[in-house]
Structure formats: structure tokens, C-alpha cells
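Undergrad: The file below is final_19.cif, mmCIF, C-alpha atoms:
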data_data
loop_
_atom_site.label_atom_id
_atom_site.label_comp_id
_atom_site.auth_asym_id
_atom_site.auth_seq_id
_atom_site.Cartn_x
_atom_site.Cartn_y
_atom_site.Cartn_z
CA MET A 55 0.00 0.00 0.00
CA PHE A 56 2.92 2.35 0.63
CA GLN A 57 4.34 1.67 -2.82
CA LEU A 58 1.00 1.70 -4.60
CA SER A 59 0.02 5.02 -2.98
CA GLY A 60 3.35 6.64 -3.88
CA ARG A 61 3.81 7.80 -0.28
CA SER A 62 6.55 7.07 2.21
CA GLU A 63 4.14 7.70 5.12
CA LEU A 64 0.48 6.85 5.61
CA PRO A 65 -1.80 7.86 8.51
CA GLY A 66 -2.64 5.07 10.92
CA VAL A 67 -6.37 5.67 10.46
CA ALA A 68 -5.94 5.20 6.69
CA LEU A 69 -3.90 2.01 7.12
CA VAL A 70 -6.50 0.57 9.47
CA GLY A 71 -9.24 1.36 6.97
CA LEU A 72 -7.27 -0.07 4.04
CA LEU A 73 -6.46 -3.26 5.94
CA GLY A 74 -10.21 -3.67 6.20
CA GLU A 75 -10.19 -4.25 2.44
CA PHE A 76 -8.04 -7.30 3.19
CA GLY A 77 -10.54 -8.72 5.64
CA LEU A 78 -9.09 -7.35 8.89
CA GLY A 79 -11.47 -5.74 11.37
CA THR A 80 -10.49 -2.52 13.12
CA ALA A 81 -9.14 -4.20 16.26
CA ALA A 82 -7.21 -6.82 14.28
CA ALA A 83 -5.74 -4.15 11.97
CA ARG A 84 -4.55 -2.10 14.94
CA ARG A 85 -2.96 -5.19 16.52
CA HIS A 86 -1.26 -5.97 13.20
CA LEU A 87 0.25 -2.47 13.00
CA ALA A 88 1.31 -2.67 16.64
CA ARG A 89 3.10 -5.98 16.03
CA MET A 90 4.90 -4.60 12.99
CA ARG A 91 5.93 -1.56 15.05
CA GLU A 92 7.19 -3.76 17.89
CA ASP A 93 9.18 -5.84 15.39
CA GLY A 94 10.81 -2.70 13.99
CA GLN A 95 9.12 -3.09 10.58
CA LEU A 96 7.16 0.15 10.96
CA ALA A 97 8.04 3.43 12.63
CA GLY A 98 5.30 5.68 14.01
CA VAL A 99 5.41 9.48 13.85
CA ARG A 100 2.93 11.66 15.71
CA SER A 101 0.88 13.72 13.25
CA GLY A 102 -1.62 16.04 14.90
CA ARG A 103 -3.93 13.89 16.99
CA GLY A 104 -2.98 10.72 15.18
CA THR A 105 0.04 8.69 14.12
CA SER A 106 1.54 8.25 10.67
CA TYR A 107 3.58 5.18 9.78
CA ARG A 108 6.50 4.46 7.46
CA MET A 109 8.42 1.29 6.74
CA ALA A 110 11.55 0.97 8.87
CA GLY A 111 14.52 -1.18 9.80
CA PRO A 112 15.98 -4.02 7.72
CA PHE A 113 12.47 -4.93 6.58
CA GLY A 114 11.78 -1.47 5.16
CA ARG A 115 15.20 -1.22 3.54
CA ARG A 116 14.81 -4.65 1.96
CA VAL A 117 11.42 -3.75 0.51
CA VAL A 118 12.91 -0.62 -1.06
CA GLN A 119 15.92 -2.63 -2.28
CA LEU A 120 13.70 -5.23 -3.92
CA GLY A 121 11.74 -2.51 -5.69
CA GLN A 122 14.97 -1.03 -7.02
CA GLU A 123 16.50 -4.38 -8.02
CA ILE A 124 13.56 -5.86 -9.94
CA GLY A 125 14.38 -5.92 -13.61
CA THR A 126 18.03 -4.91 -13.16
CA ALA A 127 21.01 -7.09 -14.00
CA ALA A 128 22.44 -9.33 -11.30
CA PRO A 129 25.97 -8.59 -10.03
CA ALA A 130 28.72 -9.99 -12.26
CA TRP A 131 30.59 -13.11 -11.14
CA GLU A 132 34.18 -12.04 -10.41
CA GLY A 133 35.49 -15.41 -9.32
CA HIS A 134 34.81 -15.07 -5.59
CA PHE A 135 32.06 -14.79 -3.02
CA HIS A 136 31.98 -12.00 -0.49
CA ALA A 137 31.76 -13.63 2.92
CA LEU A 138 31.01 -12.94 6.57
CA LEU A 139 32.86 -15.32 8.90
CA PHE A 140 31.40 -15.23 12.39
CA ALA A 141 32.17 -16.92 15.67
CA VAL A 142 29.65 -16.04 18.37
CA PRO A 143 29.51 -17.87 21.72
CA GLU A 144 26.29 -19.52 22.83
CA SER A 145 25.94 -16.89 25.55
CA ARG A 146 25.44 -14.37 22.71
CA ARG A 147 22.92 -16.48 20.85
CA ALA A 148 20.44 -13.61 20.47
CA TYR A 149 23.06 -11.56 18.58
CA ARG A 150 24.08 -14.53 16.43
CA ASP A 151 20.48 -15.28 15.48
CA ARG A 152 19.78 -11.63 14.65
CA LEU A 153 22.93 -11.35 12.53
CA ARG A 154 22.06 -14.47 10.59
CA ARG A 155 18.39 -13.57 10.17
CA VAL A 156 19.07 -10.08 8.82
CA ALA A 157 21.97 -11.28 6.64
CA LEU A 158 19.69 -13.85 4.99
CA LEU A 159 17.04 -11.15 4.59
CA VAL A 160 19.39 -8.87 2.63
CA GLY A 161 20.58 -11.67 0.34
CA TYR A 162 23.35 -13.71 1.96
CA GLY A 163 23.32 -17.50 1.76
CA GLN A 164 24.73 -19.88 4.36
CA LEU A 165 27.69 -21.82 2.99
CA GLN A 166 28.14 -23.63 6.31
CA PRO A 167 27.66 -22.76 10.00
CA GLY A 168 29.51 -19.53 10.68
CA VAL A 169 30.00 -18.66 6.99
CA LEU A 170 27.60 -16.43 5.03
CA ILE A 171 28.21 -15.65 1.35
CA SER A 172 26.96 -13.30 -1.36
CA VAL A 173 28.04 -12.45 -4.90
CA GLY A 174 28.07 -8.68 -4.34
CA ASP A 175 29.16 -7.07 -1.09
CA ARG A 176 25.93 -6.80 0.90
CA SER A 177 27.51 -5.83 4.22
CA ALA A 178 26.37 -2.17 4.08
CA PRO A 179 22.77 -2.94 5.22
CA LEU A 180 24.32 -4.85 8.15
CA ALA A 181 26.54 -1.97 9.34
CA GLU A 182 24.39 -1.28 12.38
CA ILE A 183 24.38 -4.93 13.45
CA LEU A 184 28.08 -5.41 12.75
CA ALA A 185 28.87 -2.38 14.92
CA GLU A 186 27.03 -4.06 17.81
CA CYS A 187 29.23 -7.18 17.72
CA PRO A 188 29.94 -8.22 21.35
CA ASP A 189 33.53 -8.11 22.59
CA ASP A 190 33.65 -11.89 22.97
CA ALA A 191 32.37 -12.52 19.41
CA ARG A 192 33.99 -12.07 16.02
CA VAL A 193 32.61 -11.17 12.59
CA THR A 194 35.14 -10.92 9.75
CA ARG A 195 34.57 -9.78 6.20
CA ALA A 196 36.43 -11.90 3.63
CA THR A 197 36.36 -13.23 0.08
CA ILE A 198 36.31 -16.88 -0.95
CA ALA A 199 37.75 -17.57 -4.41
CA LEU A 200 36.24 -20.49 -6.34
CA ASP A 201 36.09 -21.67 -9.92
CA THR A 202 32.71 -21.12 -11.55
CA ALA A 203 31.56 -24.76 -11.56
CA GLU A 204 32.33 -25.21 -7.85
CA ALA A 205 30.69 -21.90 -6.98
CA ALA A 206 27.54 -22.94 -8.86
CA ARG A 207 27.51 -26.29 -7.03
CA LEU A 208 27.84 -24.66 -3.62
CA ALA A 209 25.22 -22.01 -4.39
CA VAL A 210 22.44 -24.62 -4.61
CA PRO A 211 22.41 -25.60 -0.91
CA ALA A 212 23.61 -22.17 0.31
CA TRP A 213 20.42 -20.52 -0.97
CA ASP A 214 18.24 -23.66 -1.28
CA LEU A 215 17.91 -22.82 -4.98
CA ASP A 216 15.85 -25.87 -5.92
CA ASP A 217 13.11 -24.84 -3.49
CA VAL A 218 13.38 -21.16 -4.49
CA ALA A 219 12.97 -22.10 -8.16
CA ALA A 220 9.88 -24.19 -7.41
CA THR A 221 8.38 -21.35 -5.35
CA LEU A 222 9.00 -18.65 -7.98
CA THR A 223 7.65 -20.91 -10.72
CA GLY A 224 4.51 -21.42 -8.64
CA HIS A 225 4.02 -17.65 -8.35
CA ALA A 226 4.46 -17.21 -12.11
CA ARG A 227 1.86 -19.91 -12.80
CA THR A 228 -0.60 -18.37 -10.33
CA ILE A 229 -0.29 -14.90 -11.88
CA GLU A 230 -0.58 -16.31 -15.41
CA SER A 231 -3.73 -18.17 -14.38
CA VAL A 232 -5.28 -15.02 -12.86
CA LEU A 233 -4.50 -13.03 -16.00
CA ALA A 234 -6.07 -15.71 -18.18
CA GLU A 235 -9.31 -15.63 -16.17
CA ASP A 236 -9.78 -11.92 -15.36
CA THR A 237 -9.51 -9.59 -18.35
CA ALA A 238 -11.09 -6.39 -16.96
CA PRO A 239 -10.68 -5.90 -13.19
CA ALA A 240 -12.87 -3.15 -11.72
CA ALA A 241 -11.63 -0.23 -9.61
CA ASP A 242 -12.87 -1.74 -6.36
CA GLY A 243 -11.72 -3.34 -3.12
CA ALA A 244 -11.62 -6.82 -4.65
CA THR A 245 -9.07 -5.69 -7.25
CA LEU A 246 -6.92 -3.93 -4.63
CA ARG A 247 -7.02 -7.05 -2.45
CA ARG A 248 -6.19 -9.43 -5.31
CA PHE A 249 -3.38 -7.23 -6.61
CA GLY A 250 -1.97 -6.74 -3.10
CA GLU A 251 -2.15 -10.40 -2.19
CA LEU A 252 -0.45 -11.54 -5.40
CA PHE A 253 2.34 -8.98 -5.21
CA ASN A 254 2.85 -9.38 -1.47
CA ALA A 255 3.28 -13.13 -1.83
CA VAL A 256 5.82 -12.62 -4.63
CA PHE A 257 7.79 -10.00 -2.69
CA ILE A 258 7.97 -12.22 0.38
CA ASP A 259 9.56 -15.00 -1.67
CA LEU A 260 11.70 -12.75 -3.87
CA VAL A 261 13.67 -12.07 -0.68
CA ARG A 262 14.94 -15.64 -1.07
CA ASP A 263 16.17 -15.08 -4.65
CA PRO A 264 19.89 -14.17 -4.33
CA ARG A 265 20.00 -12.62 -7.84
CA LEU A 266 22.94 -14.76 -8.87
CA PRO A 267 24.71 -14.25 -12.21
CA ASP A 268 23.54 -16.63 -14.94
CA GLU A 269 26.60 -18.87 -14.67
CA LEU A 270 25.77 -19.70 -11.03
CA ARG A 271 22.05 -20.31 -11.53
CA PRO A 272 20.51 -23.73 -12.17
CA PRO A 273 19.14 -24.29 -15.69
CA ASP A 274 15.70 -22.82 -16.51
CA TRP A 275 15.82 -20.35 -13.62
CA PRO A 276 12.26 -18.88 -13.42
CA HIS A 277 13.14 -15.28 -12.52
CA HIS A 278 12.56 -13.84 -16.02
CA ARG A 279 9.27 -15.73 -16.42
CA LEU A 280 8.09 -14.34 -13.08
CA LEU A 281 9.13 -10.78 -14.01
CA ALA A 282 7.14 -11.01 -17.26
CA ALA A 283 4.08 -12.24 -15.36
CA MET A 284 4.44 -9.45 -12.76
CA GLN A 285 4.72 -6.79 -15.49
CA ALA A 286 1.56 -8.07 -17.19
CA LEU A 287 -0.21 -8.08 -13.83
CA ARG A 288 0.88 -4.48 -13.18
CA GLU A 289 -0.37 -3.30 -16.55
CA ARG A 290 -3.80 -4.79 -16.00
CA TYR A 291 -4.36 -4.47 -12.25
CA GLN A 292 -2.35 -1.48 -11.08
CA PRO A 293 -4.39 1.34 -12.71
CA PRO A 294 -7.77 0.25 -11.24
CA ALA A 295 -6.14 -0.70 -7.91
CA GLU A 296 -4.50 2.75 -7.67
CA GLN A 297 -7.76 4.46 -8.60
CA PHE A 298 -9.61 2.68 -5.81
CA LEU A 299 -6.76 3.18 -3.31
CA HIS A 300 -6.61 6.94 -3.85
CA ARG A 301 -10.39 7.17 -3.59
CA ARG A 302 -10.29 5.34 -0.27
CA LEU A 303 -7.37 7.47 0.96
CA ALA A 304 -9.33 10.61 0.14
CA ASP A 305 -12.25 9.25 2.19
CA LEU A 306 -10.06 8.17 5.10
CA ASP A 307 -7.63 11.12 4.99
CA PRO A 308 -9.49 14.02 3.30
CA HIS A 309 -6.71 16.58 3.94
CA ARG A 310 -4.24 14.76 1.67
CA GLN A 311 -4.30 14.68 -2.11
CA PRO A 312 -2.99 11.75 -4.19
CA PRO A 313 0.40 12.30 -5.85
CA ASP A 314 0.58 13.35 -9.48
CA ARG A 315 0.94 10.04 -11.32
CA ARG A 316 1.55 10.91 -14.97
CA ASP A 317 2.47 7.32 -15.78
CA PRO A 318 0.18 4.86 -13.94
CA HIS A 319 2.43 1.96 -14.91
CA SER A 320 5.62 3.38 -13.35
#
Translate this file's structure into C-alpha cells.

TA:
Amino acid sequence: MFQLSGRSELPGVALVGLLGEFGLGTAAARRHLARMREDGQLAGVRSGRGTSYRMAGPFGRRVVQLGQEIGTAAPAWEGHFHALLFAVPESRRAYRDRLRRVALLVGYGQLQPGVLISVGDRSAPLAEILAECPDDARVTRATIALDTAEAARLAVPAWDLDDVAATLTGHARTIESVLAEDTAPAADGATLRRFGELFNAVFIDLVRDPRLPDELRPPDWPHHRLLAAMQALRERYQPPAEQFLHRRLADLDPHRQPPDRRDPHS
């Protein structure tokens, strides 16, 4: 809804109302926002008598990153993985789990316990966490040189590529099926909900796609098929979904005007 509205912040009252289009009652929507805020996924800012929200933390940065990366070329294979080598005692398990969780979120794969790898250097989004490394733990940035065939072999379990491929293929088939059945979606809540549910499911699983260069991917990697399906979905569903969303925002937040969208497909 943030991306579709073109806004970096949305009033809480508007988010609660919009979540109603996805089947959440008022109390459930407020609990959902509260949980996301507690998890650091949303940040609240007082705005008059209410609160406005924006995406925050590693979650928010990853959503923005995914939006920027879609359709762009993967990093080139330069003969080595960038790596994070970490040794964290069991007494610091909370830090170790957080480091691993966020590293996987931003695109690292696990080569083996204590070794995380990526094709490009993805340590920048982890700067805050790396700076919090306890004195009795160690996190070291390194590179691991490998020939292309061995790197491709190791990439499969590091990112669970077989399962990722099956999941992305499933999303492409679902979107293709929806497009084959629904040729003229209306500017209503059902279209917003369908568009949001389809794209949200894809974005959740695109986090698992490490955007490897072609020489490290398994054959018939489904990324390009999924991108084509997503583009076709955007062209058909986004204009009516945006029209309904801005109409609802005007009802829920009458003091704000929708942004000037000269190109509804952008």
C-alpha cells in the first residue's frame, strides 16, 4: 500500500481502513500495525492527533531494495564470493540469530555454520548490526575464491535454490492463471485485495532469490518468467487498484491529495 500510494508515510487511520479491504477488522488491523511496530518493521510518527507510519529497519530497507532491483542485471561473477565469517559464543545467541536472520534477509546464503556468502558485497545494510558485535564474538569480512563450476555447485544448498525455483515458478503460474481468467478488473476493493495479495506473496519469496549471475544459476531459472508475469499483472491491475486506493485514501484522509501520477504503470 505504501508503494501503490506513492507515499513514504500513511496515517494510521488510513492504514487501518485499508487493511479492512483485506478482511481485517479494526481491532485486528490495529494489533497488526502494533506488532509490525514492535518488530521494527514500521516506525510511528505523531501527526496532529494521530500517528503516521513508514516502513523501517531491515524490513523497510529490503522492501525498497527489492523494488529497485527488480528488472536490473544481477551482479557480475568475479570469481569469488563476499563472505562474513562469524564466531559467536552460545551466551550471545540472540546476537548470532539476529545477525544471521538479517543477513539472509538482505541476500546472503549460508555456505556452512559460521559462513555467510553473497556475490556482491551486501555488508552495508548490516553496518548497524556489525557495529554491535559483542567483545567476545567475532565477525570478519572476507572473500572466498572459487572456480565457476564449484561456486555454482555450492550455491544450490547455500540458498536452497531448488526450493526457491519451485516457489518462484509457482508464483508465475498463479499470476498467469489469474490473468487468463480476469480480463477487466474493476476499480474496487476486490481488485486492490487481489493485486496486493499476489504482489505481497511474490515480494515475500523474492527475498529468497539471491540474484545470482547466470553462470551460477541452475538451468531454466524462473526469474525472467516471473518478471514477465508481474509486469503483465501491473499493466492490467495497477491502474484500477490505484484508482480505488486513492479514492479510499481521500475518504479516510481528506486533507491529503494523491500524488501526481503521470504514468500509472511506473

Undergrad: Please identify all polymer residues within 9 Å of A:Leu159, counting all atoms listed in the file, omitting same-chain residues fewer than 2 positions from it, and present them as a PyMOL selection string.

TA: chain A and resi 112-113+116+154-157+161-162+261-262

Undergrad: Taking the file as shown, find all residues satisfying the PyMOL selection byres ((chain A and resi 210) around 12) and write them as a list in words.

TA: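 When the PyMOL selection byres ((chain A and resi 210) around 12) is applied, the selected residues are Gly163, Gln164, Leu165, Ala203, Glu204, Ala205, Ala206, Arg207, Leu208, Ala209, Pro211, Ala212, Trp213, Asp214, Leu215, Asp216, Asp217, Val218, Ala219, Asp263, Pro264, Leu266, Leu270, Arg271, Pro272, Pro273 and Trp275 of chain A.
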
Undergrad: Find the distance between atom CA of A:Arg85 and atom CA of A:Pro179 and write it in Å to one decimal.

TA: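 Going from atom CA of A:Arg85 over to atom CA of A:Pro179 covers 28.2 Å.
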
Undergrad: One number please: atom CA of A:Leu252 to atom CA of A:Ile229, in Å, one decimal.

TA: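 For atom CA of A:Leu252 relative to atom CA of A:Ile229, the distance reads 7.3 Å.
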
Undergrad: Give me, as a list of chain:residue names, all polymer residues having an atom no more than 12 Å from A:Asp190, counting all atoms listed in the file and skipping those fewer than 4 positions away in the same chain.

TA: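 Residues near the query, excluding close chain neighbours: A:Phe140, A:Ala141, A:Val142, A:Pro143, A:Glu144, A:Ser145, A:Arg146, A:Arg147, A:Tyr149, A:Arg150, A:Glu186.
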
Undergrad: Assuming the chain letters and numbering stay as they are in my file, what does the PyMOL selection byres ((chain A and resi 67-78) around 7) actually select? List them as a list of chain:residue names.

TA: A:Leu64, A:Pro65, A:Gly66, A:Gly79, A:Thr80, A:Ala82, A:Ala83, A:Arg84, A:Gly243, A:Arg247, A:Leu303, A:Leu306, A:Asp307

Undergrad: Since the input is missing atoms, can you rebuild N, CA and C atoms for stretch 194-209 of chain A and write them as a JSON list (two decimals), in the frame of the given file?

TA:
[["chain", "number", "residue", "atom", "x", "y", "z"],
["A", 194, "THR", "N", 34.07, -11.34, 10.66],
["A", 194, "THR", "CA", 35.14, -10.92, 9.75],
["A", 194, "THR", "C", 34.63, -10.92, 8.33],
["A", 195, "ARG", "N", 34.88, -9.84, 7.63],
["A", 195, "ARG", "CA", 34.57, -9.78, 6.20],
["A", 195, "ARG", "C", 35.73, -10.40, 5.42],
["A", 196, "ALA", "N", 35.40, -11.20, 4.40],
["A", 196, "ALA", "CA", 36.43, -11.90, 3.63],
["A", 196, "ALA", "C", 35.92, -12.18, 2.23],
["A", 197, "THR", "N", 36.77, -12.72, 1.38],
["A", 197, "THR", "CA", 36.36, -13.23, 0.08],
["A", 197, "THR", "C", 36.81, -14.68, -0.03],
["A", 198, "ILE", "N", 36.02, -15.47, -0.75],
["A", 198, "ILE", "CA", 36.31, -16.88, -0.95],
["A", 198, "ILE", "C", 36.37, -17.13, -2.45],
["A", 199, "ALA", "N", 37.56, -17.36, -2.98],
["A", 199, "ALA", "CA", 37.75, -17.57, -4.41],
["A", 199, "ALA", "C", 37.42, -19.01, -4.79],
["A", 200, "LEU", "N", 36.64, -19.17, -5.87],
["A", 200, "LEU", "CA", 36.24, -20.49, -6.34],
["A", 200, "LEU", "C", 36.13, -20.47, -7.86],
["A", 201, "ASP", "N", 36.36, -21.63, -8.48],
["A", 201, "ASP", "CA", 36.09, -21.67, -9.92],
["A", 201, "ASP", "C", 34.57, -21.68, -10.11],
["A", 202, "THR", "N", 34.14, -21.34, -11.30],
["A", 202, "THR", "CA", 32.71, -21.12, -11.55],
["A", 202, "THR", "C", 31.87, -22.37, -11.29],
["A", 203, "ALA", "N", 32.33, -23.53, -11.73],
["A", 203, "ALA", "CA", 31.56, -24.76, -11.56],
["A", 203, "ALA", "C", 31.38, -25.09, -10.08],
["A", 204, "GLU", "N", 32.43, -24.92, -9.29],
["A", 204, "GLU", "CA", 32.33, -25.21, -7.85],
["A", 204, "GLU", "C", 31.43, -24.19, -7.16],
["A", 205, "ALA", "N", 31.55, -22.93, -7.57],
["A", 205, "ALA", "CA", 30.69, -21.90, -6.98],
["A", 205, "ALA", "C", 29.22, -22.18, -7.27],
["A", 206, "ALA", "N", 28.92, -22.61, -8.49],
["A", 206, "ALA", "CA", 27.54, -22.94, -8.86],
["A", 206, "ALA", "C", 27.04, -24.12, -8.05],
["A", 207, "ARG", "N", 27.91, -25.12, -7.82],
["A", 207, "ARG", "CA", 27.51, -26.29, -7.03],
["A", 207, "ARG", "C", 27.20, -25.91, -5.59],
["A", 208, "LEU", "N", 28.04, -25.06, -5.01],
["A", 208, "LEU", "CA", 27.84, -24.66, -3.62],
["A", 208, "LEU", "C", 26.67, -23.71, -3.44],
["A", 209, "ALA", "N", 26.33, -22.97, -4.49],
["A", 209, "ALA", "CA", 25.22, -22.01, -4.39],
["A", 209, "ALA", "C", 23.88, -22.71, -4.17]]
